There are 4 protein chains.
Amino acid sequence: MTGKPLLRVGLIGSGFMGRAHAFAYGIAQKVFDLPFRVELTVLADATAEAATRAAQELGFARGTGDWRALVTDPDVDVVHVTAPNALHREMALAALAAGKAVHCEKPLAPTAAEAREMAQAAARAGAVTQVGFNYLCNPMLRLAREIIESGEIGEIRSYRGIHAEDYMADAATPFSFRNDPVGGGVMADLGSHALATAEFLMGPITRLLGDAVTAIAERPDGRGGMRPVQTDDIARAHLRFACGASGSLEASWIATGRKMQHDFEIHGSKGALLFTQERLNELHLYLTDDPAGRQGFRRIEAGPAHPPYGRFCVAPGHQLGFNDLKAIEIAGFLEALAGRAPEPFGFAAGARIQALVEAVLQSAREGRWVETA
Amino acid sequence: MTGKPLLRVGLIGSGFMGRAHAFAYGIAQKVFDLPFRVELTVLADATAEAATRAAQELGFARGTGDWRALVTDPDVDVVHVTAPNALHREMALAALAAGKAVHCEKPLAPTAAEAREMAQAAARAGAVTQVGFNYLCNPMLRLAREIIESGEIGEIRSYRGIHAEDYMADAATPFSFRNDPVGGGVMADLGSHALATAEFLMGPITRLLGDAVTAIAERPDGRGGMRPVQTDDIARAHLRFACGASGSLEASWIATGRKMQHDFEIHGSKGALLFTQERLNELHLYLTDDPAGRQGFRRIEAGPAHPPYGRFCVAPGHQLGFNDLKAIEIAGFLEALAGRAPEPFGFAAGARIQALVEAVLQSAREGRWVETA
Amino acid sequence: MTGKPLLRVGLIGSGFMGRAHAFAYGIAQKVFDLPFRVELTVLADATAEAATRAAQELGFARGTGDWRALVTDPDVDVVHVTAPNALHREMALAALAAGKAVHCEKPLAPTAAEAREMAQAAARAGAVTQVGFNYLCNPMLRLAREIIESGEIGEIRSYRGIHAEDYMADAATPFSFRNDPVGGGVMADLGSHALATAEFLMGPITRLLGDAVTAIAERPDGRGGMRPVQTDDIARAHLRFACGASGSLEASWIATGRKMQHDFEIHGSKGALLFTQERLNELHLYLTDDPAGRQGFRRIEAGPAHPPYGRFCVAPGHQLGFNDLKAIEIAGFLEALAGRAPEPFGFAAGARIQALVEAVLQSAREGRWVETA
Amino acid sequence: MTGKPLLRVGLIGSGFMGRAHAFAYGIAQKVFDLPFRVELTVLADATAEAATRAAQELGFARGTGDWRALVTDPDVDVVHVTAPNALHREMALAALAAGKAVHCEKPLAPTAAEAREMAQAAARAGAVTQVGFNYLCNPMLRLAREIIESGEIGEIRSYRGIHAEDYMADAATPFSFRNDPVGGGVMADLGSHALATAEFLMGPITRLLGDAVTAIAERPDGRGGMRPVQTDDIARAHLRFACGASGSLEASWIATGRKMQHDFEIHGSKGALLFTQERLNELHLYLTDDPAGRQGFRRIEAGPAHPPYGRFCVAPGHQLGFNDLKAIEIAGFLEALAGRAPEPFGFAAGARIQALVEAVLQSAREGRWVETA
């Protein structure tokens, strides 16, 4: 360990995702043979007091109420941005300008233009970047991609992707930043995950025909009144892929009863794949080459045959959890930082997803197909 | 039994659906207290010989190679049309002209115009008619509708419907009548079921935005060559319902691995419903009123609490099969014939579904929303 | 059809199972190419009036209040006994004495001694007999046996069988014939099914170590008082099979929430099988020969590859129901009557199961292993 | 954090469980507000070299090839024993003698006598101890116990517990310490988990009737020959609980296809519970109080309503993994060390389980019920 270079981490934000990043470092340092010694150096939050408290809780050396100080801190090598989406651009650009590597939570920015600007800045800086599309880190998704790429299920013909939750299903849930007309809505928040998975597995989406619905017309404004909602509660798209397949995609945050339905179903000429995040340690595989009378979807349980599961546990079936996926994400980022492997989900990829999000919404507004090649 | 009036049945066709109708009468006569004594009088098939053989096998008194004789036979009260789709119109119109009640398998006709003509003819004749949307006869679908109508899951916000099979997934499957440019394609064949279920549960679809894909460009022509395919292998639509909800629909007959995925998921403000035909004796219900920490989709198994299950079995969990659904369909038809209850799925409803099928395909061709109110 | 010999059926009883037999004939006549023309000749019930009403309802030519007249009726070829268990012996012996073929519902008789007597009488008479172990008629169980016998899952090592329902779970359910100390109890009622499935799949049980529990000590006697219960509500056994495998078995009728849990799990040296009657159209198969990283239980859906499913439906995934299983049972009986195939579940087999039921209860009483070879 | 007392950890072993303990500390330090500052001080392994390497990998300050030095090290407060079972007793007694708190992996010792000796030593020392029954740390198991204790499912009547895996199913897997006649076998290895869960949920087992089977008679001895196996590959027991319920239990390590089937099903007078470790973030609950026609097992997904899930993730449905369960275990241990809460699974509990393991095997040998109250 002593022979490894040091990597000093700065984290902006200590909410859901900020905590997940801190947990992920805790796990990744144990589970993986990381290319760095990691030091959790500084955590920035809204106030110095909150930052100090969170730093202590999450194992950072110190806290700061000034994120600008963090991103220019000479003692920080890599910056994790988990602040609200509206701030991503400013923070990331500042960090890039200061020569940092940057991980930014998804969505990269409220608009595709901003996201593109960030990707260009990262490219100019030659920085290693990552966007937090954690579901892609699941060994079962990697297995799915491997099965597709190997040709095991033949030519891919169709795709169905869903990301549905219900955390906005209660009409009494107040208007929040998620309902902001710029960058808000379910397609940006959850649909971005579904888009990322779709392209991860299937390659580029070339055209789409979108639909976006505001199902809950107004929400409490927190001051005793109601505020009209303009953003999408459900968004859908018909898809075409460069590989020749067609598909569909749906995002909903008012899917009552669904807590984490990040699902896909893929049909090929020689087989099929099913997955639901509700059972994230399973992938279901159908093969037409199985003998007649013996065909069926087989339920593959995650195990050491599906890297990097074996880093977490030597026995199959013991299961990874959500924070483990974040740890795999972090480990990949550090591999990229060490130059061992390219980061497949850098800012360019994040900007791509954001462009797709906007394409869905634009297509929905205009009621016509939009090119996304 | 002796006090009941006689009903004399004529059946055209003895394929998959012709057999299913004969089975259904066999079951319905035992299971239900039908308003008629049923006599299976005559079966028509392509040739007299085939008809006689099928009549013997399926318990009809006699066979005929002449369907025209059957539809005008004074000894026939009700005509069942299970011949290929292209013949539905001619047969049904002839039967209606002869004063018969008519059951016609779906789709009612290759084109919406023909289907409308049939519906108008039925209305003019004042005939009792039925179209074979058998999945709607499942007690679990009736339960779903009851739950929706009762308000148990609140205001309905979204719908997702799928009918996917894989019987055309093999590119070596020859070109057939199903690929006929007029009336062929998956939206007509399987999508019609999905549309029927959608309107059965949700009420009228008012607008839709379709997508239709030919995934297998050519199929063997049965004469050693290949024939180009113009019909849809997969079709999809974004939907709007008169009730205010939005939704989506997908039909595929190249969904490798899927044998009978007639599924829906419905989200309301107070609950949700899930169903898959792969487990047709179950309905999954989520209620937000369940106590915190105890919420979840509950798996309701079909039982005597879900009429008419109790006619088939006094104990819950013993399960109905596909032919039982057809028996429920037939029993409903006979109730309508006896004037006890209106037939909800007569020719008018069949024409409605056919119009929706065409609307999806038209919308797909034109790449724009189409009104269907 | 006209060339086929006539088979005239007499049915004793018109309750749950009596109705199921009538339904089964209705289905079987349509679905199968039976070796006989079937005539439902006479139905016997407690009173002439009830019998006449049931005969009309279920399609029998006439009814009688005198079962003795039925079993000696020269116009009856085969007698179906679905009366309460306590009457099985007397009815079946009378029918055998009159030269009839006899189907008797399970359990064959309240005691193994009586069952043995019936089996001996059947053997002496050279009669074709059948006992109603309908679950064995499921194409998926036949598939399971075929997989075992073919060696596909290697040497069989262990078995777990369960039959659990909850229809006696309410302590307010009155004392009934099922609680009769002679022949009552869950092992006789439901455990008999589990034992039949175990030996159907695994071959003979050679030794067992039983456990029997009365969980609800008293039940309403129907006259305002309570009556102590001596029969088993739950019964279990450790098992040894002649094939060398070990196993376990459980029967419960107080398994709250379970409506029809007739399950088994079988582990072999090269694979495994899972089944639950709750999804009776599926069998789950695991094969160690599947490639590493691609192994998993595959969910096989019933289809034409699994005879006689194809008689019911030409397309896979459409599903059979409980009454269809009874129809397969009846069709098998008629095959045996026609001399085309031996009936695997005649009275001898029924007596065998009854002997096993008693062995479990005896072993439970004595707290020691009992030989059953 | 600075105000918290320091806890210095010594770990013996760096295999599957040693790593899991290290991972668990990494996670627990982030996720929980632990009562201590934790220092991973020293790791002992077979050789100094292996220990040093593992220490670096797992984040311990130093390594040692001498476990005796570790257990008496004045810089160590708590000792984790994850060495092979045969060494547990010696290591734990030495650590207790040195005044350490001790966590010992299950099974506590090869024999109940040794385990009892260890428990007595812990009691004499007044030491805080813990045995690694990690499955009990699952929020869903805690929810199950809460539901039982609250009376939500009424009087508990029956229990079915299974722990089945297949890692010894291949007859070519060599003879190992797991096959050692003293302390080996599946009941000790996996059955101990099933027993722990059974008593965790149901309270004390008072009597049992066991069965133990050696299914694979000999295994490769690693020197080219074969070695006879005397230990159990499958073990089962009929159970009686102090609460009045009966039950059954099965352990198998030759359950082909099963990777982690740690399951239970519990029937009460007013409801039921189902659980499988294969979907460890779900608990299925049935309530007879649900309205007629709406009853069914509801699938409860783990969320913040089920402590301590919320420490790991603020959103429901994101799922915990195996290592998270170990982190909860560790956090509980530290709570006990801080005197905040008693440790429910100390050495006394571990000795209890070991006594039950022996009781099953003794009962199996003698073929009779054994008292375990």
# chains A, B, ... in the order shown; residues from 1 in each chain; ligands from 1
$ closest_atom_pairs --of "chain D" --to "chain B" --cutoff "9 Å" --atoms "only C-alpha atoms" --output "CSV"
residue,atom,partner,partner_atom,distance
D:Leu143,CA,B:Gly293,CA,8.6
D:His284,CA,B:Gly296,CA,8.4
D:Leu285,CA,B:Arg294,CA,7.9
D:Tyr286,CA,B:Arg298,CA,8.2
D:Ala292,CA,B:Ala305,CA,6.9
D:Gly293,CA,B:Ala305,CA,5.1
D:Arg294,CA,B:Ile300,CA,6.2
D:Gln295,CA,B:Ile300,CA,5.8
D:Gly296,CA,B:Ile300,CA,4.5
D:Phe297,CA,B:Arg298,CA,5.0
D:Arg298,CA,B:Arg298,CA,3.6
D:Arg299,CA,B:Gly296,CA,4.7
D:Ile300,CA,B:Gly296,CA,4.5
D:Glu301,CA,B:Gly296,CA,6.8
D:Ala302,CA,B:Gly293,CA,8.3
D:Gly303,CA,B:Gly293,CA,7.8
D:Pro304,CA,B:Gly293,CA,8.4
D:Ala305,CA,B:Gly293,CA,5.1
D:His306,CA,B:Gly293,CA,6.6
$ write_last_selection --atoms "N, CA, C and O atoms" --output "CSV table (one decimal), in the first residue's frame"
chain,number,residue,atom,x,y,z
D,143,LEU,N,-37.7,-7.2,10.8
D,143,LEU,CA,-39.1,-6.9,10.5
D,143,LEU,C,-40.0,-8.1,10.8
D,143,LEU,O,-41.0,-8.0,11.4
D,284,HIS,N,-42.3,-11.2,2.6
D,284,HIS,CA,-43.7,-11.4,2.1
D,284,HIS,C,-44.6,-11.7,3.2
D,284,HIS,O,-44.4,-12.5,4.0
D,285,LEU,N,-45.7,-10.9,3.3
D,285,LEU,CA,-46.6,-10.9,4.4
D,285,LEU,C,-48.0,-11.1,4.0
D,285,LEU,O,-48.5,-10.4,3.1
D,286,TYR,N,-48.7,-12.0,4.6
D,286,TYR,CA,-50.1,-12.3,4.3
D,286,TYR,C,-50.9,-12.0,5.6
D,286,TYR,O,-50.5,-12.4,6.7
D,292,ALA,N,-61.9,-9.7,1.8
D,292,ALA,CA,-62.1,-10.9,1.0
D,292,ALA,C,-61.9,-10.5,-0.5
D,292,ALA,O,-62.3,-9.4,-0.9
D,293,GLY,N,-61.3,-11.3,-1.3
D,293,GLY,CA,-61.0,-11.0,-2.7
D,293,GLY,C,-59.8,-10.1,-2.9
D,293,GLY,O,-59.4,-9.8,-4.0
D,294,ARG,N,-59.2,-9.6,-1.8
D,294,ARG,CA,-58.1,-8.7,-1.9
D,294,ARG,C,-56.9,-9.3,-1.1
D,294,ARG,O,-55.9,-8.6,-0.9
D,295,GLN,N,-57.0,-10.5,-0.7
D,295,GLN,CA,-55.9,-11.1,0.2
D,295,GLN,C,-54.8,-11.7,-0.7
D,295,GLN,O,-55.1,-12.2,-1.8
D,296,GLY,N,-53.6,-11.6,-0.2
D,296,GLY,CA,-52.5,-12.2,-0.9
D,296,GLY,C,-51.2,-11.8,-0.2
D,296,GLY,O,-51.2,-10.9,0.6
D,297,PHE,N,-50.2,-12.6,-0.5
D,297,PHE,CA,-48.9,-12.2,0.1
D,297,PHE,C,-48.4,-10.9,-0.5
D,297,PHE,O,-48.4,-10.8,-1.7
D,298,ARG,N,-48.1,-10.0,0.4
D,298,ARG,CA,-47.6,-8.7,-0.2
D,298,ARG,C,-46.1,-8.7,0.0
D,298,ARG,O,-45.5,-9.1,1.0
D,299,ARG,N,-45.5,-8.3,-1.1
D,299,ARG,CA,-44.0,-8.2,-1.2
D,299,ARG,C,-43.5,-6.9,-0.7
D,299,ARG,O,-43.6,-5.9,-1.4
D,300,ILE,N,-43.0,-6.9,0.5
D,300,ILE,CA,-42.5,-5.7,1.2
D,300,ILE,C,-41.0,-5.5,0.8
D,300,ILE,O,-40.2,-6.4,1.0
D,301,GLU,N,-40.7,-4.4,0.2
D,301,GLU,CA,-39.3,-4.1,-0.2
D,301,GLU,C,-38.6,-3.3,0.9
D,301,GLU,O,-39.2,-2.4,1.4
D,302,ALA,N,-37.4,-3.7,1.2
D,302,ALA,CA,-36.6,-3.0,2.3
D,302,ALA,C,-36.5,-1.5,2.0
D,302,ALA,O,-36.2,-1.1,0.8
D,303,GLY,N,-36.7,-0.7,3.0
D,303,GLY,CA,-36.6,0.7,2.9
D,303,GLY,C,-36.3,1.4,4.2
D,303,GLY,O,-36.1,0.7,5.2
D,304,PRO,N,-36.3,2.7,4.2
D,304,PRO,CA,-36.0,3.4,5.5
D,304,PRO,C,-37.0,3.0,6.6
D,304,PRO,O,-36.7,3.3,7.8
D,305,ALA,N,-38.2,2.5,6.3
D,305,ALA,CA,-39.1,2.1,7.4
D,305,ALA,C,-38.6,0.9,8.1
D,305,ALA,O,-39.2,0.5,9.1
D,306,HIS,N,-37.5,0.3,7.6
D,306,HIS,CA,-37.0,-0.9,8.2
D,306,HIS,C,-35.6,-0.7,8.7
D,306,HIS,O,-34.6,-1.1,8.0
$ residues_around --residues "stretch 223-228 of chain C" --least-positions-apart "3" --cutoff "10 Å" --atoms "only C-alpha atoms" --output "PyMOL selection string"
chain C and resi 172+174-175+179+216-220+231
$ select_by_dssp --residues "stretch 213-270 of chain A" --states "strand (DSSP E)" --output "VMD selection string"
chain A and resid 213 218 to 220 226 to 228 234 to 241 246 to 252 261 to 268
$ write_last_selection --atoms "C-alpha atoms" --output "PDB file, in the first residue's frame"
ATOM      1  CA  VAL A 213     -46.791  14.172 -19.440  1.00  0.00           C
ATOM      2  CA  GLU A 218     -49.737  21.658  -9.291  1.00  0.00           C
ATOM      3  CA  ARG A 219     -47.908  21.022  -6.070  1.00  0.00           C
ATOM      4  CA  PRO A 220     -47.732  22.819  -2.711  1.00  0.00           C
ATOM      5  CA  MET A 226     -50.051  25.827  -4.873  1.00  0.00           C
ATOM      6  CA  ARG A 227     -47.602  26.157  -7.721  1.00  0.00           C
ATOM      7  CA  PRO A 228     -48.219  24.952 -11.255  1.00  0.00           C
ATOM      8  CA  ILE A 234     -43.911  10.518 -17.030  1.00  0.00           C
ATOM      9  CA  ALA A 235     -41.914  10.519 -20.240  1.00  0.00           C
ATOM     10  CA  ARG A 236     -41.714   7.921 -22.960  1.00  0.00           C
ATOM     11  CA  ALA A 237     -39.988   7.417 -26.265  1.00  0.00           C
ATOM     12  CA  HIS A 238     -40.033   5.161 -29.256  1.00  0.00           C
ATOM     13  CA  LEU A 239     -36.410   4.470 -30.214  1.00  0.00           C
ATOM     14  CA  ARG A 240     -34.214   3.485 -33.115  1.00  0.00           C
ATOM     15  CA  PHE A 241     -30.685   2.246 -32.563  1.00  0.00           C
ATOM     16  CA  SER A 246     -36.044  -0.555 -32.382  1.00  0.00           C
ATOM     17  CA  GLY A 247     -37.138   0.008 -28.844  1.00  0.00           C
ATOM     18  CA  SER A 248     -39.026   1.933 -26.236  1.00  0.00           C
ATOM     19  CA  LEU A 249     -38.226   3.718 -23.040  1.00  0.00           C
ATOM     20  CA  GLU A 250     -40.283   4.972 -20.143  1.00  0.00           C
ATOM     21  CA  ALA A 251     -39.488   7.082 -17.107  1.00  0.00           C
ATOM     22  CA  SER A 252     -41.932   7.737 -14.290  1.00  0.00           C
ATOM     23  CA  GLN A 261     -37.882  -0.463 -11.340  1.00  0.00           C
ATOM     24  CA  HIS A 262     -34.867  -0.037 -13.562  1.00  0.00           C
ATOM     25  CA  ASP A 263     -35.728  -2.763 -16.039  1.00  0.00           C
ATOM     26  CA  PHE A 264     -34.904  -3.875 -19.501  1.00  0.00           C
ATOM     27  CA  GLU A 265     -35.941  -6.612 -21.869  1.00  0.00           C
ATOM     28  CA  ILE A 266     -33.974  -7.346 -25.016  1.00  0.00           C
ATOM     29  CA  HIS A 267     -34.986  -9.675 -27.821  1.00  0.00           C
ATOM     30  CA  GLY A 268     -32.460 -11.085 -30.244  1.00  0.00           C
TER      31      GLY A 268
END
$ select_by_dssp --residues "stretch 13-193 of chain C" --states "alpha helix (DSSP H)" --output "PyMOL selection string"
chain C and resi 16-31+48-58+67-72+85-97+112-125+139-149+186+192-193
$ closest_residue --among "C:Ala113, C:Val357, C:Val128, C:Ala364" --to "C:Ala341" --atoms "only C-alpha atoms"
C:Val128
$ atom_distance --atom1 "atom CA of C:Gly13" --atom2 "atom CA of C:Asp45"
5.3 Å
$ residues_around --residues "C:Glu117" --least-positions-apart "3" --cutoff "10 Å" --atoms "only C-alpha atoms" --output "PyMOL selection string"
chain C and resi 89+93+109+111-114+120-123+347-348+351
$ write_last_selection --atoms "N, CA, C and O atoms" --output "PDB file, in the first residue's frame"
ATOM      1  N   ARG C  89     -65.197 -47.547   0.241  1.00  0.00           N
ATOM      2  CA  ARG C  89     -64.988 -49.000   0.205  1.00  0.00           C
ATOM      3  C   ARG C  89     -66.265 -49.731  -0.205  1.00  0.00           C
ATOM      4  O   ARG C  89     -66.264 -50.544  -1.141  1.00  0.00           O
ATOM      5  N   LEU C  93     -66.512 -51.685  -3.734  1.00  0.00           N
ATOM      6  CA  LEU C  93     -66.620 -53.145  -3.718  1.00  0.00           C
ATOM      7  C   LEU C  93     -67.900 -53.588  -4.420  1.00  0.00           C
ATOM      8  O   LEU C  93     -67.900 -54.566  -5.187  1.00  0.00           O
ATOM      9  N   ALA C 109     -59.532 -45.082   0.802  1.00  0.00           N
ATOM     10  CA  ALA C 109     -60.366 -45.513   1.929  1.00  0.00           C
ATOM     11  C   ALA C 109     -59.783 -44.920   3.203  1.00  0.00           C
ATOM     12  O   ALA C 109     -58.635 -44.489   3.222  1.00  0.00           O
ATOM     13  N   THR C 111     -58.799 -46.367   5.884  1.00  0.00           N
ATOM     14  CA  THR C 111     -57.673 -47.116   6.438  1.00  0.00           C
ATOM     15  C   THR C 111     -56.974 -47.885   5.331  1.00  0.00           C
ATOM     16  O   THR C 111     -57.561 -48.225   4.298  1.00  0.00           O
ATOM     17  N   ALA C 112     -55.711 -48.172   5.599  1.00  0.00           N
ATOM     18  CA  ALA C 112     -54.922 -48.923   4.628  1.00  0.00           C
ATOM     19  C   ALA C 112     -55.485 -50.327   4.458  1.00  0.00           C
ATOM     20  O   ALA C 112     -55.446 -50.893   3.363  1.00  0.00           O
ATOM     21  N   ALA C 113     -56.021 -50.862   5.542  1.00  0.00           N
ATOM     22  CA  ALA C 113     -56.571 -52.222   5.454  1.00  0.00           C
ATOM     23  C   ALA C 113     -57.737 -52.248   4.468  1.00  0.00           C
ATOM     24  O   ALA C 113     -57.834 -53.125   3.604  1.00  0.00           O
ATOM     25  N   GLU C 114     -58.612 -51.271   4.595  1.00  0.00           N
ATOM     26  CA  GLU C 114     -59.739 -51.203   3.662  1.00  0.00           C
ATOM     27  C   GLU C 114     -59.252 -50.971   2.234  1.00  0.00           C
ATOM     28  O   GLU C 114     -59.774 -51.558   1.276  1.00  0.00           O
ATOM     29  N   GLN C 120     -57.363 -55.581  -3.617  1.00  0.00           N
ATOM     30  CA  GLN C 120     -57.423 -57.026  -3.856  1.00  0.00           C
ATOM     31  C   GLN C 120     -58.697 -57.395  -4.624  1.00  0.00           C
ATOM     32  O   GLN C 120     -58.665 -58.218  -5.545  1.00  0.00           O
ATOM     33  N   ALA C 121     -59.771 -56.752  -4.248  1.00  0.00           N
ATOM     34  CA  ALA C 121     -61.030 -57.024  -4.940  1.00  0.00           C
ATOM     35  C   ALA C 121     -60.920 -56.635  -6.414  1.00  0.00           C
ATOM     36  O   ALA C 121     -61.409 -57.354  -7.304  1.00  0.00           O
ATOM     37  N   ALA C 122     -60.278 -55.498  -6.658  1.00  0.00           N
ATOM     38  CA  ALA C 122     -60.112 -55.048  -8.042  1.00  0.00           C
ATOM     39  C   ALA C 122     -59.253 -56.046  -8.820  1.00  0.00           C
ATOM     40  O   ALA C 122     -59.546 -56.371  -9.980  1.00  0.00           O
ATOM     41  N   ALA C 123     -58.199 -56.517  -8.170  1.00  0.00           N
ATOM     42  CA  ALA C 123     -57.305 -57.472  -8.835  1.00  0.00           C
ATOM     43  C   ALA C 123     -58.062 -58.758  -9.146  1.00  0.00           C
ATOM     44  O   ALA C 123     -57.969 -59.304 -10.255  1.00  0.00           O
ATOM     45  N   PHE C 347     -56.200 -48.990  -8.168  1.00  0.00           N
ATOM     46  CA  PHE C 347     -56.452 -49.191  -6.739  1.00  0.00           C
ATOM     47  C   PHE C 347     -55.196 -49.660  -5.989  1.00  0.00           C
ATOM     48  O   PHE C 347     -55.004 -49.327  -4.821  1.00  0.00           O
ATOM     49  N   ALA C 348     -54.364 -50.450  -6.671  1.00  0.00           N
ATOM     50  CA  ALA C 348     -53.147 -50.912  -6.002  1.00  0.00           C
ATOM     51  C   ALA C 348     -52.286 -49.713  -5.610  1.00  0.00           C
ATOM     52  O   ALA C 348     -51.748 -49.636  -4.499  1.00  0.00           O
ATOM     53  N   ALA C 351     -53.915 -47.939  -2.733  1.00  0.00           N
ATOM     54  CA  ALA C 351     -53.698 -48.632  -1.463  1.00  0.00           C
ATOM     55  C   ALA C 351     -52.277 -48.396  -0.963  1.00  0.00           C
ATOM     56  O   ALA C 351     -52.039 -48.248   0.244  1.00  0.00           O
TER      57      ALA C 351
END
$ atom_distance --atom1 "atom CA of A:Leu325" --atom2 "atom CA of A:Tyr135"
6.9 Å
$ residues_around --residues "A:Met91" --least-positions-apart "4" --cutoff "10 Å" --atoms "only C-alpha atoms" --output "list in words"
Ile12, Trp67, Arg68, Leu70, Val71, Val79, His80, Val81, Thr82, Ala83, Ala86, Leu87, Ala95, Leu96, Ala97, Val102 and Cys104 of chain A
$ atom_distance --atom1 "atom CA of A:Asp289" --atom2 "atom CA of B:Gly257"
11.4 Å
$ residues_around --residues "stretch 33-38 of chain B" --least-positions-apart "5" --cutoff "7 Å" --atoms "only C-alpha atoms" --output "ChimeraX atom specification"
/B:1,4-8,331,334-335,338 /C:57
$ write_last_selection --atoms "N, CA, C and O atoms" --output "mmCIF file, in the first residue's frame"
data_model
loop_
_atom_site.group_PDB
_atom_site.id
_atom_site.type_symbol
_atom_site.label_atom_id
_atom_site.label_comp_id
_atom_site.auth_asym_id
_atom_site.auth_seq_id
_atom_site.Cartn_x
_atom_site.Cartn_y
_atom_site.Cartn_z
ATOM 1 N N MET B 1 -83.385 -28.653 -17.308
ATOM 2 C CA MET B 1 -82.723 -28.505 -18.604
ATOM 3 C C MET B 1 -83.765 -28.571 -19.720
ATOM 4 O O MET B 1 -83.767 -27.788 -20.653
ATOM 5 N N LYS B 4 -85.454 -25.482 -20.964
ATOM 6 C CA LYS B 4 -84.702 -24.403 -21.600
ATOM 7 C C LYS B 4 -84.897 -24.428 -23.106
ATOM 8 O O LYS B 4 -85.017 -25.504 -23.702
ATOM 9 N N PRO B 5 -84.862 -23.249 -23.720
ATOM 10 C CA PRO B 5 -84.933 -23.228 -25.179
ATOM 11 C C PRO B 5 -83.662 -23.825 -25.777
ATOM 12 O O PRO B 5 -82.611 -23.860 -25.148
ATOM 13 N N LEU B 6 -83.773 -24.271 -27.003
ATOM 14 C CA LEU B 6 -82.657 -24.883 -27.710
ATOM 15 C C LEU B 6 -81.854 -23.816 -28.446
ATOM 16 O O LEU B 6 -82.421 -22.884 -29.006
ATOM 17 N N LEU B 7 -80.551 -23.980 -28.443
ATOM 18 C CA LEU B 7 -79.690 -23.111 -29.247
ATOM 19 C C LEU B 7 -78.841 -24.003 -30.141
ATOM 20 O O LEU B 7 -78.081 -24.843 -29.658
ATOM 21 N N ARG B 8 -78.962 -23.778 -31.455
ATOM 22 C CA ARG B 8 -78.272 -24.638 -32.419
ATOM 23 C C ARG B 8 -77.080 -23.884 -32.998
ATOM 24 O O ARG B 8 -77.229 -22.799 -33.554
ATOM 25 N N ALA B 331 -70.191 -18.327 -22.456
ATOM 26 C CA ALA B 331 -71.302 -18.192 -21.508
ATOM 27 C C ALA B 331 -71.856 -16.777 -21.527
ATOM 28 O O ALA B 331 -73.069 -16.562 -21.442
ATOM 29 N N LEU B 334 -74.037 -16.320 -24.563
ATOM 30 C CA LEU B 334 -75.357 -16.937 -24.416
ATOM 31 C C LEU B 334 -76.244 -16.125 -23.469
ATOM 32 O O LEU B 334 -77.469 -16.053 -23.676
ATOM 33 N N GLU B 335 -75.636 -15.515 -22.472
ATOM 34 C CA GLU B 335 -76.408 -14.612 -21.597
ATOM 35 C C GLU B 335 -76.991 -13.471 -22.433
ATOM 36 O O GLU B 335 -78.151 -13.081 -22.263
ATOM 37 N N ALA B 338 -79.782 -14.577 -24.578
ATOM 38 C CA ALA B 338 -81.012 -14.779 -23.815
ATOM 39 C C ALA B 338 -81.580 -13.458 -23.315
ATOM 40 O O ALA B 338 -82.608 -13.437 -22.640
ATOM 41 N N GLU C 57 -77.994 -30.550 -14.362
ATOM 42 C CA GLU C 57 -76.974 -29.505 -14.391
ATOM 43 C C GLU C 57 -75.688 -29.996 -15.059
ATOM 44 O O GLU C 57 -75.045 -29.270 -15.817
#
$ residues_around --residues "C:Lys106" --least-positions-apart "5" --cutoff "9 Å" --atoms "only C-alpha atoms" --output "PyMOL selection string"
chain C and resi 82+85+131-133+188-189+192-193+350
